[in-house]
$ cat protein.cif   # mmCIF, C-alpha atoms
data_start
loop_
_atom_site.group_PDB
_atom_site.id
_atom_site.type_symbol
_atom_site.label_atom_id
_atom_site.label_comp_id
_atom_site.auth_asym_id
_atom_site.auth_seq_id
_atom_site.Cartn_x
_atom_site.Cartn_y
_atom_site.Cartn_z
ATOM 1 C CA ALA A 1 12.298 14.907 -4.081
ATOM 2 C CA ILE A 2 14.325 14.184 -0.989
ATOM 3 C CA PRO A 3 17.959 13.311 -1.796
ATOM 4 C CA LEU A 4 18.865 9.635 -1.604
ATOM 5 C CA GLN A 5 20.415 8.733 1.738
ATOM 6 C CA GLU A 6 22.644 5.790 2.519
ATOM 7 C CA PRO A 7 20.992 3.102 4.666
ATOM 8 C CA GLN A 8 21.459 4.146 8.260
ATOM 9 C CA SER A 9 23.647 2.187 10.625
ATOM 10 C CA ALA A 10 22.540 0.003 13.517
ATOM 11 C CA GLY A 11 21.279 1.959 16.483
ATOM 12 C CA THR A 12 19.464 4.657 14.499
ATOM 13 C CA LYS A 13 17.042 6.479 16.750
ATOM 14 C CA LEU A 14 13.493 7.405 15.826
ATOM 15 C CA SER A 15 14.156 11.050 16.701
ATOM 16 C CA SER A 16 17.015 11.105 14.147
ATOM 17 C CA VAL A 17 14.834 9.661 11.384
ATOM 18 C CA PHE A 18 12.029 12.149 12.039
ATOM 19 C CA SER A 19 14.505 15.044 12.360
ATOM 20 C CA ALA A 20 15.935 14.196 8.933
ATOM 21 C CA LEU A 21 12.486 13.872 7.373
ATOM 22 C CA LEU A 22 11.405 17.251 8.769
ATOM 23 C CA ARG A 23 14.784 18.892 8.231
ATOM 24 C CA ALA A 24 14.296 19.872 11.846
ATOM 25 C CA THR A 25 15.718 22.940 13.518
ATOM 26 C CA ASP A 26 17.776 22.544 16.683
ATOM 27 C CA GLU A 27 14.683 23.452 18.721
ATOM 28 C CA GLU A 28 12.594 20.805 16.955
ATOM 29 C CA LYS A 29 15.334 18.213 17.549
ATOM 30 C CA VAL A 30 15.056 18.918 21.277
ATOM 31 C CA ILE A 31 11.263 18.466 21.089
ATOM 32 C CA LEU A 32 11.754 15.146 19.230
ATOM 33 C CA SER A 33 14.352 13.824 21.701
ATOM 34 C CA PRO A 34 11.798 12.214 24.114
ATOM 35 C CA LEU A 35 11.194 9.640 21.356
ATOM 36 C CA ASP A 36 14.556 8.127 22.264
ATOM 37 C CA SER A 37 13.124 6.953 25.606
ATOM 38 C CA LYS A 38 10.782 4.618 23.636
ATOM 39 C CA ARG A 39 7.806 5.730 25.732
ATOM 40 C CA TYR A 40 5.742 6.481 22.630
ATOM 41 C CA HIS A 41 6.737 3.531 20.441
ATOM 42 C CA THR A 42 8.027 -0.019 20.541
ATOM 43 C CA GLU A 43 11.152 -1.144 18.731
ATOM 44 C CA ILE A 44 10.893 -4.581 17.167
ATOM 45 C CA GLN A 45 13.617 -6.693 15.586
ATOM 46 C CA ILE A 46 12.200 -8.762 12.727
ATOM 47 C CA LYS A 47 13.631 -11.925 11.215
ATOM 48 C CA VAL A 48 14.171 -12.328 7.505
ATOM 49 C CA VAL A 49 10.996 -13.180 5.573
ATOM 50 C CA LYS A 50 8.827 -12.538 8.639
ATOM 51 C CA GLN A 51 5.755 -10.584 7.669
ATOM 52 C CA LEU A 52 5.448 -7.149 9.250
ATOM 53 C CA PHE A 53 1.817 -6.999 8.165
ATOM 54 C CA GLY A 54 -0.376 -8.600 5.523
ATOM 55 C CA LYS A 55 -2.737 -7.256 2.914
ATOM 56 C CA GLU A 56 -6.283 -6.708 4.242
ATOM 57 C CA GLU A 57 -5.118 -6.828 7.901
ATOM 58 C CA HIS A 58 -6.370 -4.214 10.352
ATOM 59 C CA SER A 59 -3.950 -1.265 10.363
ATOM 60 C CA ASP A 60 -3.285 -0.813 14.079
ATOM 61 C CA ALA A 61 0.102 0.931 13.744
ATOM 62 C CA PHE A 62 2.589 2.539 11.414
ATOM 63 C CA TYR A 63 6.249 1.582 11.280
ATOM 64 C CA THR A 64 9.506 3.437 10.803
ATOM 65 C CA VAL A 65 12.450 1.399 9.546
ATOM 66 C CA LEU A 66 15.399 2.104 11.871
ATOM 67 C CA ASN A 67 17.795 -0.479 10.476
ATOM 68 C CA GLY A 68 17.803 -2.996 7.642
ATOM 69 C CA ALA A 69 14.948 -2.936 5.149
ATOM 70 C CA VAL A 70 11.308 -3.848 4.623
ATOM 71 C CA ALA A 71 9.932 -4.958 1.269
ATOM 72 C CA THR A 72 6.482 -4.640 -0.185
ATOM 73 C CA ALA A 73 5.846 -8.052 -1.637
ATOM 74 C CA ASP A 74 3.655 -9.212 -4.469
ATOM 75 C CA SER A 75 0.698 -11.095 -3.067
ATOM 76 C CA SER A 76 -0.870 -12.040 -6.376
ATOM 77 C CA GLY A 77 -0.724 -15.639 -7.426
ATOM 78 C CA PRO A 78 0.443 -16.997 -10.772
ATOM 79 C CA GLY A 79 -1.561 -15.748 -13.722
ATOM 80 C CA GLN A 80 -3.147 -12.849 -11.852
ATOM 81 C CA SER A 81 -2.661 -9.459 -13.400
ATOM 82 C CA ARG A 82 -0.580 -6.887 -11.579
ATOM 83 C CA ARG A 83 -0.958 -3.142 -11.653
ATOM 84 C CA ARG A 84 2.091 -1.410 -13.086
ATOM 85 C CA LEU A 85 2.894 2.266 -12.828
ATOM 86 C CA ARG A 86 3.069 3.756 -16.287
ATOM 87 C CA TYR A 87 5.294 6.725 -15.559
ATOM 88 C CA HIS A 88 6.793 6.184 -12.117
ATOM 89 C CA ASP A 89 9.730 3.829 -11.769
ATOM 90 C CA MET A 90 10.927 5.693 -8.694
ATOM 91 C CA VAL A 91 9.146 6.509 -5.445
ATOM 92 C CA THR A 92 10.190 8.964 -2.776
ATOM 93 C CA SER A 93 10.193 8.204 0.931
ATOM 94 C CA GLY A 94 11.680 9.478 4.149
ATOM 95 C CA ALA A 95 14.757 7.485 3.193
ATOM 96 C CA GLY A 96 15.009 9.241 -0.159
ATOM 97 C CA VAL A 97 14.331 8.113 -3.714
ATOM 98 C CA ILE A 98 13.668 4.382 -4.047
ATOM 99 C CA ARG A 99 13.708 2.494 -7.360
ATOM 100 C CA ARG A 100 10.488 0.570 -7.876
ATOM 101 C CA GLU A 101 11.653 -2.637 -9.478
ATOM 102 C CA ARG A 102 11.725 -6.386 -9.069
ATOM 103 C CA SER A 103 15.449 -6.853 -8.632
ATOM 104 C CA ILE A 104 17.989 -8.016 -6.082
ATOM 105 C CA SER A 105 19.446 -5.390 -3.760
ATOM 106 C CA ASN A 106 22.236 -5.362 -1.206
ATOM 107 C CA LEU A 107 19.490 -4.462 1.265
ATOM 108 C CA MET A 108 18.123 -7.999 0.901
ATOM 109 C CA ASP A 109 19.583 -10.875 2.861
ATOM 110 C CA PRO A 110 20.606 -13.897 0.707
ATOM 111 C CA SER A 111 18.190 -16.165 2.610
ATOM 112 C CA PHE A 112 15.363 -13.779 1.682
ATOM 113 C CA GLN A 113 16.294 -13.983 -1.993
ATOM 114 C CA GLU A 114 16.104 -17.774 -1.837
ATOM 115 C CA LYS A 115 12.480 -17.695 -0.602
ATOM 116 C CA GLY A 116 11.157 -16.620 -3.996
ATOM 117 C CA VAL A 117 9.212 -13.595 -2.704
ATOM 118 C CA GLU A 118 8.674 -11.120 -5.513
ATOM 119 C CA VAL A 119 9.629 -7.669 -4.259
ATOM 120 C CA LEU A 120 7.734 -4.658 -5.548
ATOM 121 C CA SER A 121 9.703 -2.049 -3.608
ATOM 122 C CA LEU A 122 12.302 -1.828 -0.854
ATOM 123 C CA TRP A 123 12.021 0.559 2.077
ATOM 124 C CA PRO A 124 15.420 1.121 3.751
ATOM 125 C CA ALA A 125 16.204 2.720 7.104
ATOM 126 C CA GLY A 126 14.482 6.084 7.365
ATOM 127 C CA SER A 127 11.299 4.960 5.613
ATOM 128 C CA ILE A 128 7.815 5.152 7.136
ATOM 129 C CA VAL A 129 5.678 2.155 6.215
ATOM 130 C CA GLY A 130 1.934 1.584 6.595
ATOM 131 C CA TYR A 131 1.052 5.046 7.883
ATOM 132 C CA LEU A 132 -1.564 5.890 5.239
ATOM 133 C CA ASP A 133 -3.755 2.900 6.030
ATOM 134 C CA PHE A 134 -3.206 3.672 9.721
ATOM 135 C CA CYS A 135 -4.249 7.322 9.322
ATOM 136 C CA LEU A 136 -7.287 6.390 7.222
ATOM 137 C CA ASP A 137 -8.203 3.548 9.618
ATOM 138 C CA ARG A 138 -8.625 1.114 6.749
ATOM 139 C CA PRO A 139 -7.344 -2.423 6.107
ATOM 140 C CA ARG A 140 -3.809 -2.716 4.740
ATOM 141 C CA VAL A 141 -3.611 -2.391 0.956
ATOM 142 C CA PHE A 142 -0.262 -4.179 0.636
ATOM 143 C CA ARG A 143 1.885 -6.824 2.319
ATOM 144 C CA ALA A 144 5.187 -5.904 4.022
ATOM 145 C CA VAL A 145 7.935 -8.379 4.896
ATOM 146 C CA CYS A 146 11.372 -8.112 6.441
ATOM 147 C CA CYS A 147 14.123 -8.685 3.901
ATOM 148 C CA HIS A 148 17.278 -8.121 5.954
ATOM 149 C CA GLU A 149 18.506 -10.025 9.003
ATOM 150 C CA SER A 150 19.178 -6.907 11.082
ATOM 151 C CA THR A 151 15.883 -5.130 10.444
ATOM 152 C CA VAL A 152 14.570 -3.058 13.327
ATOM 153 C CA VAL A 153 11.348 -1.064 13.116
ATOM 154 C CA ALA A 154 9.705 1.411 15.458
ATOM 155 C CA LYS A 155 5.997 0.593 15.851
ATOM 156 C CA MET A 156 3.709 3.484 16.809
ATOM 157 C CA THR A 157 0.072 2.699 17.655
ATOM 158 C CA MET A 158 -2.942 4.936 18.145
ATOM 159 C CA ALA A 159 -2.603 4.395 21.916
ATOM 160 C CA ASP A 160 0.973 5.704 21.673
ATOM 161 C CA ILE A 161 -0.257 8.783 19.791
ATOM 162 C CA HIS A 162 -3.019 9.442 22.359
ATOM 163 C CA LEU A 163 -0.557 9.163 25.247
ATOM 164 C CA MET A 164 1.829 11.529 23.467
ATOM 165 C CA ARG A 165 -1.001 13.993 22.792
ATOM 166 C CA ILE A 166 -1.803 14.111 26.520
ATOM 167 C CA GLU A 167 1.744 14.157 27.868
ATOM 168 C CA ASN A 168 3.639 16.068 25.189
ATOM 169 C CA PRO A 169 1.486 18.146 22.810
ATOM 170 C CA GLY A 170 4.541 19.746 21.176
ATOM 171 C CA LEU A 171 5.933 16.338 20.262
ATOM 172 C CA ASP A 172 2.514 15.222 19.026
ATOM 173 C CA ALA A 173 2.388 18.269 16.730
ATOM 174 C CA LEU A 174 5.748 17.330 15.215
ATOM 175 C CA ILE A 175 4.626 13.719 14.713
ATOM 176 C CA GLN A 176 1.571 15.022 12.861
ATOM 177 C CA ARG A 177 3.971 17.022 10.654
ATOM 178 C CA VAL A 178 5.989 13.845 10.046
ATOM 179 C CA LEU A 179 2.829 12.055 8.876
ATOM 180 C CA LEU A 180 1.894 15.046 6.726
ATOM 181 C CA GLN A 181 5.374 15.008 5.167
ATOM 182 C CA ALA A 182 5.020 11.278 4.487
ATOM 183 C CA SER A 183 1.648 12.008 2.844
ATOM 184 C CA LEU A 184 3.229 14.697 0.662
ATOM 185 C CA LEU A 185 5.857 12.196 -0.446
ATOM 186 C CA ASP A 186 3.033 9.844 -1.392
ATOM 187 C CA LEU A 187 1.486 12.607 -3.512
ATOM 188 C CA ALA A 188 4.788 12.702 -5.389
ATOM 189 C CA ASN A 189 4.237 8.990 -6.019
ATOM 190 C CA CYS A 190 0.630 9.464 -7.183
ATOM 191 C CA THR A 191 -0.633 6.559 -9.244
ATOM 192 C CA CYS A 192 -3.729 8.353 -10.494
ATOM 193 C CA ASP A 193 -2.298 8.457 -14.036
ATOM 194 C CA MET A 194 -2.663 4.701 -14.458
#

$ encode --input "protein.cif" --output "structure tokens"
Amino acid sequence: AIPLQEPQSAGTKLSSVFSALLRATDEEKVILSPLDSKRYHTEIQIKVVKQLFGKEEHSDAFYTVLNGAVATADSSGPGQSRRRLRYHDMVTSGAGVIRRERSISNLMDPSFQEKGVEVLSLWPAGSIVGYLDFCLDRPRVFRAVCCHESTVVAKMTMADIHLMRIENPGLDALIQRVLLQASLLDLANCTCDM
């Protein structure tokens, strides 16, 4: 598991997040540095309780949390059964180990807590969200909402990836490694024992 990291401060750059996830060498950090120009992604500031994406929506991008936090929210209505992990109360992410619980966190803005959204997990700065559905080109399997007033995410679309592949194949190769690393972290969170 990746060691737990403190939430990153405002102004975190995408290259820094990916460098940390890859445990990049100095050479790889140089290759990742063009990400700071924002040519291959869009940075979006999201308001509290604004939905980043909904369950069953088309997965046109994946997101990296640069500041603040994103929550996966329970979409089931009252009386509907919810799947619970039998053995895994923790999940690993690019931001480290995350407790999977329905509790209040200092990563959540007070106005978010008042909205009554039931949080399944919190994804702090450094986390990659929605990449698996994006890579598999399938509808979203969960709902993600902003839960902190200063949340900023980097949105990377397939068009961004294609442009990067043409203009900067070395950078594209590292991004593919980032997505592979994120996939490996998901294997650590495997729910197949349910």

$ resolve_selection --input "protein.cif" --expression "the PyMOL selection byres ((chain A and resi 154) around 6)" --output "PyMOL selection string"
chain A and resi 42-43+63-64+153+155

$ write_last_selection --input "protein.cif" --atoms "C-alpha atoms" --output "short mmCIF file (atom, residue, chain, number, x, y, z; two decimals), keeping the file's coordinate frame"
data_model
loop_
_atom_site.label_atom_id
_atom_site.label_comp_id
_atom_site.auth_asym_id
_atom_site.auth_seq_id
_atom_site.Cartn_x
_atom_site.Cartn_y
_atom_site.Cartn_z
CA THR A 42 8.03 -0.02 20.54
CA GLU A 43 11.15 -1.14 18.73
CA TYR A 63 6.25 1.58 11.28
CA THR A 64 9.51 3.44 10.80
CA VAL A 153 11.35 -1.06 13.12
CA LYS A 155 6.00 0.59 15.85
#

$ atom_distance --input "protein.cif" --atom1 "atom CA of Gln176 of chain A" --atom2 "atom CA of Ser59 of chain A"
17.4 Å

$ residues_around --input "protein.cif" --residues "Lys50 of chain A" --least-positions-apart "4" --cutoff "9 Å" --atoms "only C-alpha atoms" --output "PyMOL selection string"
chain A and resi 46+144-147

$ write_last_selection --input "protein.cif" --atoms "C-alpha atoms" --output "short mmCIF file (atom, residue, chain, number, x, y, z; two decimals), keeping the file's coordinate frame"
data_model
loop_
_atom_site.label_atom_id
_atom_site.label_comp_id
_atom_site.auth_asym_id
_atom_site.auth_seq_id
_atom_site.Cartn_x
_atom_site.Cartn_y
_atom_site.Cartn_z
CA ILE A 46 12.20 -8.76 12.73
CA ALA A 144 5.19 -5.90 4.02
CA VAL A 145 7.94 -8.38 4.90
CA CYS A 146 11.37 -8.11 6.44
CA CYS A 147 14.12 -8.68 3.90
#

$ resolve_selection --input "protein.cif" --expression "the PyMOL selection byres ((chain A and resi 178) around 12)" --output "PyMOL selection string"
chain A and resi 14-15+17-24+28+32+62+64+93-94+126-128+131-132+171-177+179-185

$ resolve_selection --input "protein.cif" --expression "the PyMOL selection byres ((chain A and resi 55) around 9)" --output "list in words"
Phe53, Gly54, Glu56, Glu57, His58, Ser75, Pro139, Arg140, Val141, Phe142, Arg143 and Ala144 of chain A

$ atom_distance --input "protein.cif" --atom1 "atom CA of Ala71 of chain A" --atom2 "atom CA of Ser150 of chain A"
13.6 Å

$ atom_distance --input "protein.cif" --atom1 "atom CA of Lys47 of chain A" --atom2 "atom CA of Phe134 of chain A"
23.0 Å

$ decode --input "protein.cif" --residues "segment 132-144 of chain A" --atoms "N, CA, C and O atoms" --output "PDB file, in the first residue's frame"
ATOM      1  N   LEU A 132     -11.262   4.175 -14.366  1.00  0.00           N
ATOM      2  CA  LEU A 132     -11.541   2.809 -14.806  1.00  0.00           C
ATOM      3  C   LEU A 132     -12.690   2.779 -15.806  1.00  0.00           C
ATOM      4  O   LEU A 132     -12.592   2.150 -16.863  1.00  0.00           O
ATOM      5  N   ASP A 133     -13.759   3.490 -15.484  1.00  0.00           N
ATOM      6  CA  ASP A 133     -14.881   3.572 -16.429  1.00  0.00           C
ATOM      7  C   ASP A 133     -14.429   4.234 -17.726  1.00  0.00           C
ATOM      8  O   ASP A 133     -14.833   3.830 -18.817  1.00  0.00           O
ATOM      9  N   PHE A 134     -13.580   5.249 -17.595  1.00  0.00           N
ATOM     10  CA  PHE A 134     -13.029   5.949 -18.761  1.00  0.00           C
ATOM     11  C   PHE A 134     -12.218   4.986 -19.629  1.00  0.00           C
ATOM     12  O   PHE A 134     -12.414   4.910 -20.839  1.00  0.00           O
ATOM     13  N   CYS A 135     -11.321   4.238 -19.010  1.00  0.00           N
ATOM     14  CA  CYS A 135     -10.469   3.299 -19.761  1.00  0.00           C
ATOM     15  C   CYS A 135     -11.277   2.184 -20.411  1.00  0.00           C
ATOM     16  O   CYS A 135     -10.957   1.734 -21.509  1.00  0.00           O
ATOM     17  N   LEU A 136     -12.324   1.738 -19.726  1.00  0.00           N
ATOM     18  CA  LEU A 136     -13.166   0.653 -20.251  1.00  0.00           C
ATOM     19  C   LEU A 136     -14.267   1.166 -21.168  1.00  0.00           C
ATOM     20  O   LEU A 136     -15.018   0.368 -21.731  1.00  0.00           O
ATOM     21  N   ASP A 137     -14.378   2.498 -21.299  1.00  0.00           N
ATOM     22  CA  ASP A 137     -15.396   3.125 -22.139  1.00  0.00           C
ATOM     23  C   ASP A 137     -16.785   2.590 -21.807  1.00  0.00           C
ATOM     24  O   ASP A 137     -17.532   2.137 -22.662  1.00  0.00           O
ATOM     25  N   ARG A 138     -17.102   2.652 -20.508  1.00  0.00           N
ATOM     26  CA  ARG A 138     -18.406   2.184 -20.044  1.00  0.00           C
ATOM     27  C   ARG A 138     -19.061   3.300 -19.226  1.00  0.00           C
ATOM     28  O   ARG A 138     -18.389   4.219 -18.761  1.00  0.00           O
ATOM     29  N   PRO A 139     -20.357   3.220 -19.007  1.00  0.00           N
ATOM     30  CA  PRO A 139     -21.028   4.222 -18.164  1.00  0.00           C
ATOM     31  C   PRO A 139     -20.460   4.202 -16.742  1.00  0.00           C
ATOM     32  O   PRO A 139     -19.970   3.172 -16.271  1.00  0.00           O
ATOM     33  N   ARG A 140     -20.550   5.327 -16.073  1.00  0.00           N
ATOM     34  CA  ARG A 140     -20.048   5.451 -14.703  1.00  0.00           C
ATOM     35  C   ARG A 140     -20.780   4.470 -13.790  1.00  0.00           C
ATOM     36  O   ARG A 140     -21.999   4.299 -13.901  1.00  0.00           O
ATOM     37  N   VAL A 141     -20.038   3.849 -12.877  1.00  0.00           N
ATOM     38  CA  VAL A 141     -20.649   2.893 -11.955  1.00  0.00           C
ATOM     39  C   VAL A 141     -20.877   3.503 -10.572  1.00  0.00           C
ATOM     40  O   VAL A 141     -21.374   2.824  -9.681  1.00  0.00           O
ATOM     41  N   PHE A 142     -20.496   4.768 -10.392  1.00  0.00           N
ATOM     42  CA  PHE A 142     -20.766   5.449  -9.131  1.00  0.00           C
ATOM     43  C   PHE A 142     -20.933   6.939  -9.383  1.00  0.00           C
ATOM     44  O   PHE A 142     -20.651   7.435 -10.459  1.00  0.00           O
ATOM     45  N   ARG A 143     -21.415   7.635  -8.372  1.00  0.00           N
ATOM     46  CA  ARG A 143     -21.640   9.078  -8.421  1.00  0.00           C
ATOM     47  C   ARG A 143     -20.537   9.772  -7.627  1.00  0.00           C
ATOM     48  O   ARG A 143     -20.184   9.315  -6.541  1.00  0.00           O
ATOM     49  N   ALA A 144     -19.979  10.857  -8.161  1.00  0.00           N
ATOM     50  CA  ALA A 144     -18.939  11.615  -7.465  1.00  0.00           C
ATOM     51  C   ALA A 144     -19.378  13.063  -7.305  1.00  0.00           C
ATOM     52  O   ALA A 144     -19.862  13.677  -8.254  1.00  0.00           O
TER      53      ALA A 144
END
